[in-house]
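Q: Quick one, input_15.cif (mmCIF, C-alpha atoms):
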data_target
#
loop_
_atom_site.label_atom_id
_atom_site.label_comp_id
_atom_site.auth_asym_id
_atom_site.auth_seq_id
_atom_site.Cartn_x
_atom_site.Cartn_y
_atom_site.Cartn_z
CA PHE A 23 0.00 0.00 0.00
CA TRP A 24 2.81 2.43 0.86
CA ASP A 25 4.65 1.65 -2.39
CA MET A 26 1.47 2.41 -4.31
CA ARG A 27 1.03 5.67 -2.45
CA TYR A 28 4.52 6.87 -3.30
CA THR A 29 4.07 5.85 -6.94
CA LYS A 30 0.87 7.84 -7.17
CA MET A 31 2.37 10.86 -5.45
CA PHE A 32 5.29 10.83 -7.90
CA TRP A 33 2.99 11.23 -10.89
CA VAL A 34 0.87 13.82 -9.11
CA ASN A 35 3.99 15.86 -8.35
CA ALA A 36 5.29 15.45 -11.91
CA PHE A 37 2.09 17.01 -13.21
CA SER A 38 1.74 19.62 -10.48
CA TYR A 39 5.14 21.30 -10.32
CA GLY A 40 4.61 24.91 -11.39
CA ASP A 41 7.05 27.49 -12.75
CA SER A 42 6.51 29.73 -9.74
CA LYS A 43 4.16 30.28 -6.85
CA ALA A 44 2.57 33.14 -8.68
CA ASP A 45 1.51 30.80 -11.50
CA THR A 46 -0.32 28.44 -9.15
CA PRO A 47 -4.09 29.01 -8.96
CA GLU A 48 -5.71 29.03 -5.57
CA ILE A 49 -7.31 25.81 -4.33
CA PRO A 50 -11.07 26.14 -3.94
CA THR A 51 -12.25 26.24 -0.34
CA SER A 52 -13.70 23.03 1.07
CA VAL A 53 -17.45 22.55 1.47
CA ASP A 54 -19.11 21.56 4.75
CA ASN A 55 -20.67 18.14 4.17
CA THR A 56 -21.94 17.60 7.71
CA PRO A 57 -25.30 15.76 7.70
CA GLN A 58 -28.23 18.15 8.09
CA CYS A 59 -29.63 16.19 11.05
CA LEU A 60 -26.41 16.77 13.02
CA ASN A 61 -26.40 20.47 12.17
CA LYS A 62 -29.92 20.85 13.54
CA ALA A 63 -29.21 18.82 16.67
CA LEU A 64 -26.08 20.82 17.50
CA GLU A 65 -27.09 24.28 16.29
CA GLY A 66 -27.26 25.67 19.84
CA LEU A 67 -23.62 24.86 20.66
CA SER A 68 -20.55 26.96 20.05
CA SER A 69 -18.45 26.17 16.99
CA ARG A 70 -15.76 24.57 19.16
CA TRP A 71 -18.13 22.14 20.96
CA ARG A 72 -20.12 21.59 17.79
CA ASN A 73 -16.98 20.49 15.96
CA TRP A 74 -16.00 18.24 18.92
CA TRP A 75 -19.37 16.47 18.92
CA ILE A 76 -19.37 16.01 15.14
CA ARG A 77 -15.88 14.50 15.15
CA GLY A 78 -16.71 12.26 18.12
CA ILE A 79 -19.97 10.95 16.68
CA LEU A 80 -18.48 10.25 13.26
CA SER A 81 -15.39 8.62 14.83
CA PHE A 82 -17.60 6.29 16.83
CA THR A 83 -19.61 5.51 13.70
CA MET A 84 -16.49 4.68 11.67
CA ILE A 85 -15.06 2.48 14.45
CA SER A 86 -18.34 0.60 14.75
CA GLY A 87 -18.46 0.19 10.98
CA PHE A 88 -14.91 -1.15 10.97
CA PHE A 89 -15.78 -3.86 13.51
CA LEU A 90 -18.84 -4.73 11.43
CA ILE A 91 -16.64 -5.13 8.34
CA ILE A 92 -14.27 -7.44 10.24
CA TYR A 93 -17.27 -9.50 11.34
CA LEU A 94 -18.46 -9.85 7.73
CA GLY A 95 -15.20 -11.58 6.72
CA PRO A 96 -11.98 -11.09 4.71
CA VAL A 97 -13.69 -10.59 1.34
CA MET A 98 -15.60 -7.57 2.62
CA LEU A 99 -12.41 -6.23 4.22
CA ILE A 100 -10.57 -6.48 0.88
CA ILE A 101 -13.39 -4.63 -0.87
CA VAL A 102 -13.36 -1.86 1.74
CA VAL A 103 -9.57 -1.46 1.56
CA MET A 104 -9.71 -1.12 -2.21
CA THR A 105 -12.62 1.32 -1.95
CA VAL A 106 -10.72 3.48 0.54
CA GLN A 107 -7.63 3.37 -1.64
CA ILE A 108 -9.54 4.42 -4.76
CA LYS A 109 -11.37 7.19 -2.92
CA CYS A 110 -8.14 8.60 -1.44
CA PHE A 111 -6.55 8.59 -4.88
CA GLN A 112 -9.63 10.28 -6.37
CA GLU A 113 -9.38 13.09 -3.81
CA ILE A 114 -5.69 13.64 -4.58
CA ILE A 115 -6.32 13.70 -8.33
CA THR A 116 -9.26 16.06 -7.91
CA ILE A 117 -7.09 18.58 -6.05
CA GLY A 118 -4.39 18.41 -8.72
CA TYR A 119 -6.96 18.84 -11.47
CA ARG A 120 -8.63 21.82 -9.80
CA VAL A 121 -5.31 23.58 -9.39
CA TYR A 122 -3.90 22.98 -12.86
CA HIS A 123 -6.93 22.64 -15.13
CA SER A 124 -6.22 26.15 -16.41
CA TYR A 125 -3.04 24.87 -18.07
CA ASP A 126 -5.08 22.59 -20.35
CA LEU A 127 -2.83 19.61 -19.68
CA PRO A 128 -4.13 16.66 -21.76
CA TRP A 129 -4.84 13.22 -20.34
CA PHE A 130 -4.20 14.35 -16.75
CA ARG A 131 -6.94 12.32 -15.07
CA THR A 132 -6.82 9.54 -17.66
CA LEU A 133 -3.14 8.85 -17.06
CA SER A 134 -3.53 9.16 -13.29
CA TRP A 135 -6.26 6.50 -13.15
CA TYR A 136 -4.37 4.39 -15.67
CA PHE A 137 -1.31 4.22 -13.41
CA LEU A 138 -3.50 3.35 -10.44
CA ILE A 139 -4.84 0.37 -12.40
CA CYS A 140 -1.29 -0.66 -13.35
CA VAL A 141 -0.14 -0.52 -9.73
CA ASN A 142 -3.08 -2.59 -8.50
CA TYR A 143 -2.64 -5.14 -11.28
CA PHE A 144 1.02 -5.62 -10.43
CA PHE A 145 0.68 -5.86 -6.64
CA TYR A 146 -2.56 -7.83 -6.48
CA GLY A 147 -1.95 -10.11 -9.48
CA GLU A 148 0.61 -12.45 -7.92
CA THR A 149 -1.23 -12.50 -4.58
CA VAL A 150 -4.51 -13.52 -6.20
CA ALA A 151 -2.70 -16.19 -8.22
CA ASP A 152 -1.28 -17.69 -5.02
CA TYR A 153 -4.67 -17.84 -3.32
CA PHE A 154 -6.45 -19.31 -6.34
CA GLY A 155 -3.68 -21.63 -7.53
CA VAL A 156 -6.06 -24.57 -8.13
CA LEU A 157 -8.29 -22.49 -10.40
CA VAL A 158 -5.27 -21.10 -12.27
CA GLN A 159 -4.02 -24.60 -13.09
CA LYS A 160 -7.34 -25.51 -14.71
CA GLU A 161 -7.73 -22.43 -16.93
CA GLU A 162 -5.28 -21.91 -19.80
CA PRO A 163 -5.83 -18.11 -20.13
CA LEU A 164 -5.14 -17.65 -16.43
CA GLN A 165 -1.91 -19.66 -16.73
CA PHE A 166 -0.76 -17.24 -19.43
CA LEU A 167 -1.52 -14.22 -17.22
CA VAL A 168 0.36 -15.75 -14.28
CA ARG A 169 3.35 -16.92 -16.34
CA TYR A 170 3.89 -13.51 -17.93
CA HIS A 171 2.55 -11.35 -15.10
CA ARG A 172 5.68 -9.25 -14.70
CA PHE A 173 6.08 -8.73 -18.42
CA ILE A 174 2.43 -7.68 -18.79
CA SER A 175 2.78 -5.30 -15.82
CA PHE A 176 5.94 -3.79 -17.28
CA THR A 177 4.24 -3.39 -20.66
CA LEU A 178 1.33 -1.56 -19.03
CA TYR A 179 3.71 0.76 -17.19
CA LEU A 180 5.68 1.33 -20.37
CA ALA A 181 2.56 2.22 -22.36
CA GLY A 182 1.60 4.75 -19.71
CA PHE A 183 5.12 6.22 -19.68
CA CYS A 184 5.04 6.65 -23.46
CA MET A 185 1.57 8.24 -23.29
CA PHE A 186 2.87 10.61 -20.63
CA VAL A 187 5.79 11.70 -22.81
CA LEU A 188 3.59 12.06 -25.91
CA SER A 189 1.01 14.15 -24.04
CA LEU A 190 3.42 16.76 -22.75
CA VAL A 191 2.90 20.44 -23.49
CA LYS A 192 5.98 22.35 -24.57
CA LYS A 193 5.25 25.59 -22.71
CA HIS A 194 5.03 23.84 -19.32
CA TYR A 195 8.47 22.29 -18.91
CA ARG A 196 8.45 22.28 -15.14
CA LEU A 197 4.96 20.90 -15.08
CA GLN A 198 5.72 18.01 -17.38
CA PHE A 199 9.53 17.86 -17.98
CA TYR A 200 9.27 17.85 -21.73
CA MET A 201 10.71 19.01 -25.03
CA LEU A 202 11.98 16.71 -27.66
CA SER A 203 15.64 17.35 -28.31
CA PRO A 204 16.11 19.50 -31.44
CA LYS A 205 18.93 17.20 -32.57
CA LYS A 206 16.60 14.18 -32.71
CA THR A 207 14.78 13.71 -36.03
CA TRP A 208 12.30 11.19 -37.43
CA GLU A 209 14.85 10.16 -40.03
CA GLY A 210 17.40 9.33 -37.36
CA PHE A 211 14.73 7.61 -35.29
CA ILE A 212 13.64 5.29 -38.13
CA GLY A 213 17.16 4.79 -39.44
CA GLY A 214 18.37 3.91 -35.96
CA PHE A 215 15.60 1.33 -35.62
CA LEU A 216 16.47 -0.47 -38.86
CA SER A 217 20.21 -0.43 -38.31
CA THR A 218 19.87 -1.57 -34.68
CA VAL A 219 17.71 -4.57 -35.61
CA VAL A 220 20.01 -5.65 -38.45
CA PHE A 221 23.18 -5.13 -36.42
CA GLY A 222 21.70 -6.91 -33.39
CA PHE A 223 20.65 -9.91 -35.52
CA ILE A 224 24.11 -10.29 -37.07
CA PHE A 225 25.98 -9.61 -33.84
CA ALA A 226 23.87 -12.20 -31.98
CA TYR A 227 24.90 -14.79 -34.60
CA LEU A 228 28.59 -14.01 -34.09
CA LEU A 229 28.55 -13.95 -30.28
CA ALA A 230 26.53 -17.17 -29.98
CA GLN A 231 29.52 -19.10 -31.36
CA TYR A 232 31.76 -18.30 -28.37
CA GLN A 233 31.35 -19.95 -24.97
CA TYR A 234 32.70 -16.83 -23.30
CA PHE A 235 29.46 -15.02 -24.18
CA VAL A 236 26.92 -17.84 -23.72
CA CYS A 237 28.14 -19.76 -20.66
CA PRO A 238 27.50 -18.65 -17.07
CA VAL A 239 30.53 -17.78 -14.97
CA GLU A 240 31.20 -20.50 -12.38
CA TYR A 241 33.92 -20.87 -9.78
CA ASP A 242 36.16 -23.92 -10.23
CA SER A 243 37.43 -25.06 -6.83
CA GLU A 244 40.05 -27.36 -8.40
CA THR A 245 41.78 -24.62 -10.38
CA ASN A 246 40.84 -21.90 -7.86
CA ARG A 247 39.58 -19.58 -10.57
CA PHE A 248 36.44 -18.61 -12.42
CA ALA A 249 35.67 -20.70 -15.49
CA VAL A 250 33.48 -20.03 -18.51
CA GLU A 251 32.96 -23.49 -19.96
CA CYS A 252 29.71 -25.35 -20.47
CA GLN A 253 27.49 -27.24 -22.85
CA PRO A 254 25.54 -24.40 -24.53
CA SER A 255 21.83 -24.41 -23.89
CA GLU A 256 19.30 -24.84 -26.70
CA LEU A 257 19.11 -21.07 -26.94
CA PHE A 258 22.62 -21.03 -28.42
CA VAL A 259 22.42 -24.18 -30.59
CA MET A 260 21.79 -23.85 -34.31
CA GLN A 261 18.20 -24.74 -35.23
CA GLU A 262 16.38 -25.10 -38.55
CA TYR A 263 13.22 -23.03 -39.03
CA ARG A 264 10.65 -23.23 -41.82
CA LEU A 265 9.94 -19.90 -43.46
CA PRO A 266 6.41 -18.58 -44.07
CA ALA A 267 5.02 -19.16 -47.55
CA ALA A 268 5.30 -15.47 -48.48
CA LEU A 269 9.02 -15.39 -47.68
CA GLN A 270 9.59 -18.69 -49.48
CA ASN A 271 8.36 -17.15 -52.73
CA VAL A 272 10.60 -14.12 -52.30
CA LEU A 273 13.80 -15.74 -51.00
CA ARG A 274 13.40 -19.10 -52.78
CA TRP A 275 14.25 -20.78 -49.50
CA LYS A 276 12.03 -23.15 -47.58
CA THR A 277 14.06 -23.32 -44.38
CA VAL A 278 16.72 -21.24 -42.68
CA LYS A 279 19.21 -22.08 -39.94
CA MET A 280 19.81 -19.69 -37.07
CA TYR A 281 20.30 -19.54 -33.34
CA PRO A 282 17.12 -19.17 -31.28
CA PHE A 283 18.79 -16.24 -29.52
CA GLN A 284 18.76 -14.33 -32.81
CA ILE A 285 14.96 -14.28 -32.66
CA HIS A 286 15.13 -12.81 -29.17
CA SER A 287 17.70 -10.31 -30.38
CA VAL A 288 15.09 -8.86 -32.77
CA ALA A 289 12.73 -8.19 -29.85
CA LEU A 290 15.50 -6.65 -27.74
CA SER A 291 16.76 -4.51 -30.63
CA THR A 292 13.26 -3.33 -31.45
CA PHE A 293 12.67 -2.18 -27.90
CA ALA A 294 16.09 -0.53 -27.70
CA SER A 295 15.49 1.51 -30.86
CA LEU A 296 11.77 2.36 -30.55
CA ILE A 297 11.01 2.57 -26.83
CA GLY A 298 14.45 3.05 -25.28
CA PRO A 299 14.82 6.64 -26.60
CA PHE A 300 11.81 7.71 -24.53
CA GLY A 301 14.10 7.53 -21.50
CA GLY A 302 16.36 10.01 -23.27
CA PHE A 303 13.42 12.24 -24.15
CA PHE A 304 12.37 12.32 -20.52
CA ALA A 305 15.92 13.11 -19.34
CA SER A 306 16.25 15.89 -21.96
CA GLY A 307 13.00 17.44 -20.80
CA PHE A 308 14.13 17.22 -17.18
CA LYS A 309 17.34 19.11 -17.95
CA ARG A 310 15.59 21.76 -20.05
CA ALA A 311 12.95 22.23 -17.35
CA PHE A 312 15.72 23.32 -14.98
CA LYS A 313 17.65 25.14 -17.72
CA ILE A 314 20.76 22.98 -17.57
CA LYS A 315 22.63 21.41 -20.47
CA ASP A 316 24.10 18.35 -18.72
CA PHE A 317 23.59 16.54 -15.44
CA ALA A 318 27.29 16.96 -14.58
CA ASN A 319 30.70 17.47 -16.20
CA THR A 320 32.20 14.09 -15.32
CA ILE A 321 33.04 13.24 -18.95
CA PRO A 322 34.44 16.19 -20.92
CA GLY A 323 32.36 16.84 -24.01
CA HIS A 324 29.62 14.43 -22.93
CA GLY A 325 28.43 15.69 -19.55
CA GLY A 326 27.69 13.42 -16.65
CA ILE A 327 27.30 9.67 -16.37
CA MET A 328 23.53 10.11 -16.37
CA ASP A 329 23.74 11.88 -19.74
CA ARG A 330 25.26 8.76 -21.28
CA PHE A 331 23.03 6.24 -19.50
CA ASP A 332 19.64 7.95 -19.59
CA CYS A 333 18.23 5.29 -21.94
CA GLN A 334 20.00 2.36 -20.31
CA TYR A 335 17.83 2.28 -17.18
CA LEU A 336 14.71 1.67 -19.22
CA MET A 337 16.52 -0.85 -21.42
CA ALA A 338 18.05 -2.73 -18.47
CA THR A 339 14.64 -3.09 -16.84
CA PHE A 340 13.14 -4.44 -20.06
CA VAL A 341 15.98 -6.98 -20.52
CA HIS A 342 15.51 -8.27 -16.98
CA VAL A 343 11.73 -8.64 -17.38
CA TYR A 344 12.10 -10.17 -20.86
CA ILE A 345 14.64 -12.79 -19.73
CA ALA A 346 12.56 -13.68 -16.66
CA SER A 347 9.38 -14.01 -18.75
CA PHE A 348 10.49 -15.63 -22.01
CA ILE A 349 13.96 -17.14 -21.57
CA ARG A 350 14.73 -18.18 -18.02
CA GLY A 351 12.39 -20.91 -16.77
CA PRO A 352 11.95 -22.40 -13.30
CA ASN A 353 15.14 -23.84 -11.86
CA PRO A 354 14.53 -27.49 -10.77
CA SER A 355 17.61 -27.57 -8.53
CA LYS A 356 16.46 -24.52 -6.55
CA VAL A 357 12.96 -25.96 -6.19
CA LEU A 358 14.44 -29.24 -4.93
CA GLN A 359 16.62 -27.42 -2.42
CA GLN A 360 13.57 -25.61 -1.04
CA VAL A 361 11.61 -28.86 -0.76
CA LEU A 362 14.43 -30.63 1.10
CA VAL A 363 14.46 -28.08 3.91
CA LEU A 364 10.73 -28.49 4.61
CA GLN A 365 9.25 -30.58 7.38
CA PRO A 366 8.52 -34.28 6.53
CA GLU A 367 4.75 -33.74 6.57
CA GLN A 368 5.13 -30.80 4.19
CA GLN A 369 7.28 -32.90 1.87
CA LEU A 370 4.65 -35.65 1.87
CA SER A 371 1.93 -33.14 1.05
CA ILE A 372 3.93 -31.86 -1.94
CA PHE A 373 4.64 -35.44 -3.04
CA ASN A 374 0.96 -36.41 -2.95
CA THR A 375 -0.09 -33.24 -4.75
CA LEU A 376 2.53 -33.75 -7.48
CA ARG A 377 1.58 -37.42 -7.89
CA SER A 378 -2.13 -36.55 -8.27
CA HIS A 379 -1.26 -33.84 -10.79
CA LEU A 380 0.83 -36.24 -12.91
CA GLN A 381 -1.89 -38.88 -12.73
CA ASP A 382 -4.52 -36.40 -13.93
CA LYS A 383 -2.28 -35.58 -16.92
CA GLY A 384 -1.79 -39.26 -17.74
CA ILE A 385 1.95 -39.19 -17.11
CA LEU A 386 1.63 -41.64 -14.21
CA PRO A 387 -0.79 -44.59 -14.17
CA PRO A 388 -3.98 -44.05 -12.14
CA PRO A 389 -4.00 -45.46 -8.61
CA ARG A 390 -5.02 -49.09 -8.31
CA PRO A 391 -8.28 -49.85 -6.49
CA GLU A 392 -7.70 -51.26 -3.04
CA ALA A 393 -8.40 -54.97 -2.57
CA GLN A 394 -11.60 -55.82 -0.79
#
Turn this file's structure into structure tokens for me.
A:
Amino acid sequence: FWDMRYTKMFWVNAFSYGDSKADTPEIPTSVDNTPQCLNKALEGLSSRWRNWWIRGILSFTMISGFFLIIYLGPVMLIIVVMTVQIKCFQEIITIGYRVYHSYDLPWFRTLSWYFLICVNYFFYGETVADYFGVLVQKEEPLQFLVRYHRFISFTLYLAGFCMFVLSLVKKHYRLQFYMLSPKKTWEGFIGGFLSTVVFGFIFAYLLAQYQYFVCPVEYDSETNRFAVECQPSELFVMQEYRLPAALQNVLRWKTVKMYPFQIHSVALSTFASLIGPFGGFFASGFKRAFKIKDFANTIPGHGGIMDRFDCQYLMATFVHVYIASFIRGPNPSKVLQQVLVLQPEQQLSIFNTLRSHLQDKGILPPPRPEAQ
């Protein structure tokens, strides 16, 4: 909950940072929403005692309601927590919109609610999957959502980030941290995409032939040094692929041999060239909002380290999520190590569950009926 609150506040502050205090419109005064029956019952009291009674009565009502919710069970408690969360967020967004609606900032409320949905999907998704594991195993679409949960969450965040950058208004730098760099052109953008994909595809083919680049680094106790030797995984073994009919007519080839990693390299290169630059756009807008050319002068002629790595943070996050979602599968040795440290009754429970699962799939023969 706290992580979600800080995430929301970040985007509220990003939209609500004005050029000066003089540019900030006044916040409308709050409206008294005290129930009319209470106003009539307490109209003879002074404002101080009237306020004390109102706060006391409503506090008692809320406490009683909270105990009632606990009595109704965990499902009702979850619904109330989500309702409170959404209402708190709505109040924050309403204040920001009232203050800055005069700037005509597009998609302000849309993006704010969109990021709230992304946050809830990410934090609640894995929890719900754990609680309803039996249902997930029976439904194929749910298995897909669970298997690629992090990648889907990252994609949702990324789409919102791109919408945020594309919706920025040039005259409000400090409100939205934006201007596209004048040295960046559509020709360079498209040309960079094509050259990155081609270069990445060829470079992946060359690097996949060397164990130094495809084998994990392991410590060899016999030689007392780190070794990079292994039997390459299927990802780095040449495979034969059948081309689509359209490409067969053009290339006159029916099949083509390549490393599976080359296919992944196309996805990584595409992201690096099309989406990665948005990190640079955001950093450029940040610098121009504060009227600075570079983050620092660490590297002469280039600026600071952040100036050279502004796109790498977005790219590094994508590579991690992509590998975890599409390349790296569950590690049987780690799972076995976790099972071995459990209590005997827990190990038996896992054994019986696994045996029933394999029998349902037909991998193991069904249990024999007990003799009468």
Q: Hey, which of A:Phe186, A:Phe293, A:Phe130, A:Tyr179 ends up closest to A:Val219? Count only C-alpha atoms.
A: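 When distances to A:Val219 are compared using only C-alpha atoms, the smallest one comes from A:Phe293.
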Q: I'd like to know which of A:Asn374, A:Tyr143, A:His286, A:Leu364 is closest to A:Ile174, using all atoms listed in the file.
A: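 Once distances to A:Ile174 are computed over all atoms listed in the file, the minimum belongs to A:Tyr143.
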Q: Using all atoms of stretch 266-274 of chain A that appear in the file, construct an axis-aligned enclosing box with 8 Å of padding on every side and provide its centre coordinates and edge lengths in Å, rounded to one decimal, as lines of an AutoDock Vina configuration file.
A:
center_x = 9.4
center_y = -16.6
center_z = -48.4
size_x = 24.8
size_y = 21.0
size_z = 24.7
Q: Step by step, work through what the PyMOL selection byres ((chain A and resi 339-348) around 10) selects in the shown file, and finish by giving those residues as a PyMOL selection string.
A: chain A and resi 169-177+180+286+289-290+293-294+297-298+334-338+349-352
Q: Between atom CA of A:Ile224 and atom CA of A:Val272, what distance in Å does the model show, to one decimal?
A: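 Separation between atom CA of A:Ile224 and atom CA of A:Val272: 20.7 Å.
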Q: Which residues of stretch 204-313 of chain A come within 9 Å of stretch 317-332 of chain A, and what is each one's closest atom pair and distance in Å (one decimal), counting all atoms listed in the file, sorted by chain and residue number, as JSON lines?
A:
{"residue": "A:Pro299", "atom": "CA", "partner": "A:Asp332", "partner_atom": "CA", "distance": 8.6}
{"residue": "A:Gly301", "atom": "CA", "partner": "A:Asp332", "partner_atom": "CA", "distance": 5.9}
{"residue": "A:Gly302", "atom": "CA", "partner": "A:Asp332", "partner_atom": "CA", "distance": 5.3}
{"residue": "A:Phe303", "atom": "CA", "partner": "A:Asp332", "partner_atom": "CA", "distance": 8.8}
{"residue": "A:Phe304", "atom": "CA", "partner": "A:Asp332", "partner_atom": "CA", "distance": 8.5}
{"residue": "A:Ala305", "atom": "CA", "partner": "A:Asp332", "partner_atom": "CA", "distance": 6.4}
{"residue": "A:Ser306", "atom": "CA", "partner": "A:Asp329", "partner_atom": "CA", "distance": 8.8}
{"residue": "A:Lys309", "atom": "CA", "partner": "A:Phe317", "partner_atom": "CA", "distance": 7.2}
Q: Out of A:Lys62, A:Lys279, A:Arg247, A:Lys109, which residue has the shortest atom-to-atom distance to A:Ile76 when counting all atoms listed in the file?
A: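 Smallest separation from A:Ile76 among the options: A:Lys62.
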Q: With all atoms listed in the file as the basis for distance, which of A:Val187, A:Val97, A:Leu67, A:Val239 is at the shortest distance from A:Phe308?
A: A:Val187
Q: Show me a table, sorted first by chain and then by increasing residue number, of the residues of stretch 268-374 of chain A having an atom at most 8 Å from stretch 212-217 of chain A, each with its shortest atom pair and the distance in Å to one decimal, counting all atoms listed in the file and written as a tab-separated table.
A:
residue	atom	partner	partner_atom	distance
A:Ser291	CA	A:Phe215	CA	7.8
A:Thr292	CA	A:Phe215	CA	6.7
A:Ser295	CA	A:Phe215	CA	4.8
A:Leu296	CA	A:Phe215	CA	6.4
